[in-house]
Amino acid sequence: MSVSRHSLVPTFVATAALAALTGISTPAVAGCSDNPGPGVDWTGCRKQNLILRGTNLSGANMTGTDLSTTDLRDSNLDGANMTKANLVRSHLDSASLVGTNLNGALGYRTRFHKTNLTDSNFEKAEMQRADFSGSTMTNVNFSKAELGRAQFAGASLENVDFDFAILARADFRDADLGSGINFDSAYLFLARFEGQDLSDALGLSDAQLELSCGDAETTLPDGLKRPESWPCDDEAVN
């Protein structure tokens, strides 16, 4: 027996009316036309190429939201859910992403310059060529993330988890590498560690170091050997 979609309209209206009278909530729908603000629900919405600088989006739900090439500089994104969000070429310079969930987010050439990323989650995120220069990175999870050619110059890293991350040609020169940085099973092909103190790094192996780039000033954890291939040839690295 087929049912016309028009015959369902009265039922829907009656259900909505009953919910309003009884206080029973109906499933929430993303408000793509809603103005930016704390807790806004932009799930799956298209918000690309916008100027949202200095906006308060703390606690917002932006799961799967397209924010590519959007200006989010100086914005408050603390506690936002940005799982699988598209941040390709967007700007988050000097923004605050404390406790923000970016699991599986796309961030090719995204700028996080001087951004506060404390307690943020980038697990399985694709952040190739992302710029984390000067950012604060404490208790950050980059497990299984794609970070090829990412820039970390001037960033402050403490208790950062890079286990199983791809860090091919990532540049850690001039970064402040604190304690608790985990490189267990990370792919470090031509990753740049010249002049760095890696003595407190966790999970490093001789095989990983053979793939990476360091120099005579690179300090290694106890028990690991300085590769004979160091320093790397500049042409090969670039």
# chains A, B, ... in the order shown; residues from 1 in each chain; ligands from 1
>>> select_by_dssp(residues="chain A", states="strand (DSSP E)", output="list of chain:residue names")
A:Thr136, A:Met137, A:Thr138, A:Ser156, A:Leu157, A:Glu158, A:Asp176, A:Leu177
>>> residues_around(residues="region 197-210 of chain A", least_positions_apart="3", cutoff="10 Å", atoms="only C-alpha atoms", output="number ranges by chain")
A: 159-163, 175-191, 193-194, 213-214, 217-230
>>> residues_around(residues="Thr83 (chain A)", least_positions_apart="3", cutoff="10 Å", atoms="only C-alpha atoms", output="list of chain:residue names")
A:Thr43, A:Asn61, A:Met62, A:Thr63, A:Gly64, A:Thr65, A:Ala80, A:Asn86, A:Thr100, A:Asn101, A:Leu102, A:Asn103, A:Gly104, A:Ala105, A:Leu106, A:Asn121, A:Phe122, A:Glu123, A:Ala125
>>> residues_around(residues="Lys114 (chain A)", least_positions_apart="4", cutoff="8 Å", atoms="only C-alpha atoms", output="PyMOL selection string")
chain A and resi 93-95+132-136+155
>>> atom_distance(atom1="CA of Ser96 (chain A)", atom2="CA of Leu50 (chain A)")
18.2 Å
>>> closest_residue(among="A:Ile166, A:Cys32, A:Met137, A:Leu87", to="Asn49 (chain A)", atoms="only C-alpha atoms")
A:Leu87
>>> select_by_dssp(residues="region 9-238 of chain A", states="alpha helix (DSSP H)", output="MDAnalysis selection string")
chainID A and resid 9:22 206:211 234:237
>>> closest_residue(among="A:Ser156, A:Asn81, A:Ser75, A:Ser90", to="Thr118 (chain A)", atoms="only C-alpha atoms")
A:Ser156
>>> atom_distance(atom1="CA of Phe112 (chain A)", atom2="CA of Arg129 (chain A)")
11.0 Å
>>> atom_distance(atom1="CA of Gly107 (chain A)", atom2="CA of Gln196 (chain A)")
26.1 Å
>>> residues_around(residues="Lys47 (chain A)", least_positions_apart="4", cutoff="8 Å", atoms="only C-alpha atoms", output="list in words")
Thr65, Asp66, Leu67, Ser68 and Thr70 of chain A
>>> closest_residue(among="A:Pro231, A:Pro38, A:Val88, A:Arg73", to="Ser58 (chain A)", atoms="only C-alpha atoms")
A:Pro38
>>> closest_residue(among="A:Trp42, A:Glu126, A:Leu92, A:Ala85", to="Thr55 (chain A)", atoms="only C-alpha atoms")
A:Leu92
>>> closest_residue(among="A:Met127, A:Gly54, A:Asn35, A:Asn238", to="Lys84 (chain A)", atoms="only C-alpha atoms")
A:Met127
>>> decode(residues="region 29-110 of chain A", atoms="C-alpha atoms", output="PDB file, in the first residue's frame")
ATOM      1  CA  VAL A  29      18.307  20.349  12.606  1.00  0.00           C
ATOM      2  CA  ALA A  30      21.527  22.200  11.763  1.00  0.00           C
ATOM      3  CA  GLY A  31      20.882  25.907  11.439  1.00  0.00           C
ATOM      4  CA  CYS A  32      23.024  26.737   8.443  1.00  0.00           C
ATOM      5  CA  SER A  33      21.414  30.181   8.236  1.00  0.00           C
ATOM      6  CA  ASP A  34      22.026  30.904  11.935  1.00  0.00           C
ATOM      7  CA  ASN A  35      24.423  33.709  12.779  1.00  0.00           C
ATOM      8  CA  PRO A  36      27.816  32.730  14.219  1.00  0.00           C
ATOM      9  CA  GLY A  37      27.822  32.459  17.977  1.00  0.00           C
ATOM     10  CA  PRO A  38      28.673  30.163  20.879  1.00  0.00           C
ATOM     11  CA  GLY A  39      27.152  26.704  20.484  1.00  0.00           C
ATOM     12  CA  VAL A  40      25.822  27.308  16.982  1.00  0.00           C
ATOM     13  CA  ASP A  41      25.015  24.118  15.051  1.00  0.00           C
ATOM     14  CA  TRP A  42      26.527  24.307  11.570  1.00  0.00           C
ATOM     15  CA  THR A  43      26.788  20.553  11.050  1.00  0.00           C
ATOM     16  CA  GLY A  44      27.508  19.847   7.391  1.00  0.00           C
ATOM     17  CA  CYS A  45      26.935  23.474   6.398  1.00  0.00           C
ATOM     18  CA  ARG A  46      28.780  25.364   3.659  1.00  0.00           C
ATOM     19  CA  LYS A  47      30.680  28.241   5.263  1.00  0.00           C
ATOM     20  CA  GLN A  48      33.602  28.570   2.891  1.00  0.00           C
ATOM     21  CA  ASN A  49      35.343  31.800   1.866  1.00  0.00           C
ATOM     22  CA  LEU A  50      33.783  33.858   4.692  1.00  0.00           C
ATOM     23  CA  ILE A  51      35.251  36.555   6.921  1.00  0.00           C
ATOM     24  CA  LEU A  52      34.614  35.392  10.498  1.00  0.00           C
ATOM     25  CA  ARG A  53      37.610  37.031  12.125  1.00  0.00           C
ATOM     26  CA  GLY A  54      37.250  37.554  15.864  1.00  0.00           C
ATOM     27  CA  THR A  55      34.072  35.453  16.077  1.00  0.00           C
ATOM     28  CA  ASN A  56      33.056  33.540  19.202  1.00  0.00           C
ATOM     29  CA  LEU A  57      32.285  29.987  18.056  1.00  0.00           C
ATOM     30  CA  SER A  58      33.103  28.266  21.330  1.00  0.00           C
ATOM     31  CA  GLY A  59      31.275  24.975  21.740  1.00  0.00           C
ATOM     32  CA  ALA A  60      29.943  25.140  18.187  1.00  0.00           C
ATOM     33  CA  ASN A  61      29.055  21.956  16.313  1.00  0.00           C
ATOM     34  CA  MET A  62      30.805  22.135  12.949  1.00  0.00           C
ATOM     35  CA  THR A  63      31.021  18.445  12.163  1.00  0.00           C
ATOM     36  CA  GLY A  64      31.679  18.090   8.444  1.00  0.00           C
ATOM     37  CA  THR A  65      31.324  21.847   7.910  1.00  0.00           C
ATOM     38  CA  ASP A  66      33.026  23.324   4.844  1.00  0.00           C
ATOM     39  CA  LEU A  67      35.159  26.199   6.171  1.00  0.00           C
ATOM     40  CA  SER A  68      37.707  26.153   3.360  1.00  0.00           C
ATOM     41  CA  THR A  69      39.482  29.496   2.718  1.00  0.00           C
ATOM     42  CA  THR A  70      37.486  31.083   5.561  1.00  0.00           C
ATOM     43  CA  ASP A  71      39.103  33.750   7.762  1.00  0.00           C
ATOM     44  CA  LEU A  72      38.883  32.596  11.397  1.00  0.00           C
ATOM     45  CA  ARG A  73      41.781  34.632  12.745  1.00  0.00           C
ATOM     46  CA  ASP A  74      41.532  35.726  16.386  1.00  0.00           C
ATOM     47  CA  SER A  75      38.377  33.613  16.800  1.00  0.00           C
ATOM     48  CA  ASN A  76      37.323  31.600  19.849  1.00  0.00           C
ATOM     49  CA  LEU A  77      36.792  27.972  18.860  1.00  0.00           C
ATOM     50  CA  ASP A  78      37.321  26.489  22.315  1.00  0.00           C
ATOM     51  CA  GLY A  79      35.523  23.178  22.759  1.00  0.00           C
ATOM     52  CA  ALA A  80      34.105  23.220  19.237  1.00  0.00           C
ATOM     53  CA  ASN A  81      33.402  19.951  17.445  1.00  0.00           C
ATOM     54  CA  MET A  82      35.120  20.212  14.050  1.00  0.00           C
ATOM     55  CA  THR A  83      35.258  16.500  13.291  1.00  0.00           C
ATOM     56  CA  LYS A  84      35.884  15.988   9.563  1.00  0.00           C
ATOM     57  CA  ALA A  85      35.534  19.725   8.928  1.00  0.00           C
ATOM     58  CA  ASN A  86      37.075  21.119   5.743  1.00  0.00           C
ATOM     59  CA  LEU A  87      39.666  23.745   6.705  1.00  0.00           C
ATOM     60  CA  VAL A  88      41.669  23.704   3.484  1.00  0.00           C
ATOM     61  CA  ARG A  89      43.583  26.995   3.129  1.00  0.00           C
ATOM     62  CA  SER A  90      41.609  28.605   5.939  1.00  0.00           C
ATOM     63  CA  HIS A  91      43.264  31.033   8.364  1.00  0.00           C
ATOM     64  CA  LEU A  92      43.179  30.408  12.121  1.00  0.00           C
ATOM     65  CA  ASP A  93      46.089  32.642  13.099  1.00  0.00           C
ATOM     66  CA  SER A  94      46.003  33.718  16.773  1.00  0.00           C
ATOM     67  CA  ALA A  95      42.741  31.806  17.289  1.00  0.00           C
ATOM     68  CA  SER A  96      41.986  29.750  20.401  1.00  0.00           C
ATOM     69  CA  LEU A  97      41.204  26.065  19.870  1.00  0.00           C
ATOM     70  CA  VAL A  98      41.480  24.831  23.441  1.00  0.00           C
ATOM     71  CA  GLY A  99      39.861  21.404  23.706  1.00  0.00           C
ATOM     72  CA  THR A 100      38.702  21.523  20.083  1.00  0.00           C
ATOM     73  CA  ASN A 101      37.996  18.233  18.305  1.00  0.00           C
ATOM     74  CA  LEU A 102      39.468  18.154  14.781  1.00  0.00           C
ATOM     75  CA  ASN A 103      39.398  14.375  14.376  1.00  0.00           C
ATOM     76  CA  GLY A 104      39.658  13.583  10.661  1.00  0.00           C
ATOM     77  CA  ALA A 105      39.607  17.256   9.652  1.00  0.00           C
ATOM     78  CA  LEU A 106      41.076  18.393   6.331  1.00  0.00           C
ATOM     79  CA  GLY A 107      43.656  21.164   6.616  1.00  0.00           C
ATOM     80  CA  TYR A 108      45.871  21.321   3.536  1.00  0.00           C
ATOM     81  CA  ARG A 109      47.900  24.568   3.744  1.00  0.00           C
ATOM     82  CA  THR A 110      45.822  25.732   6.722  1.00  0.00           C
TER      83      THR A 110
END
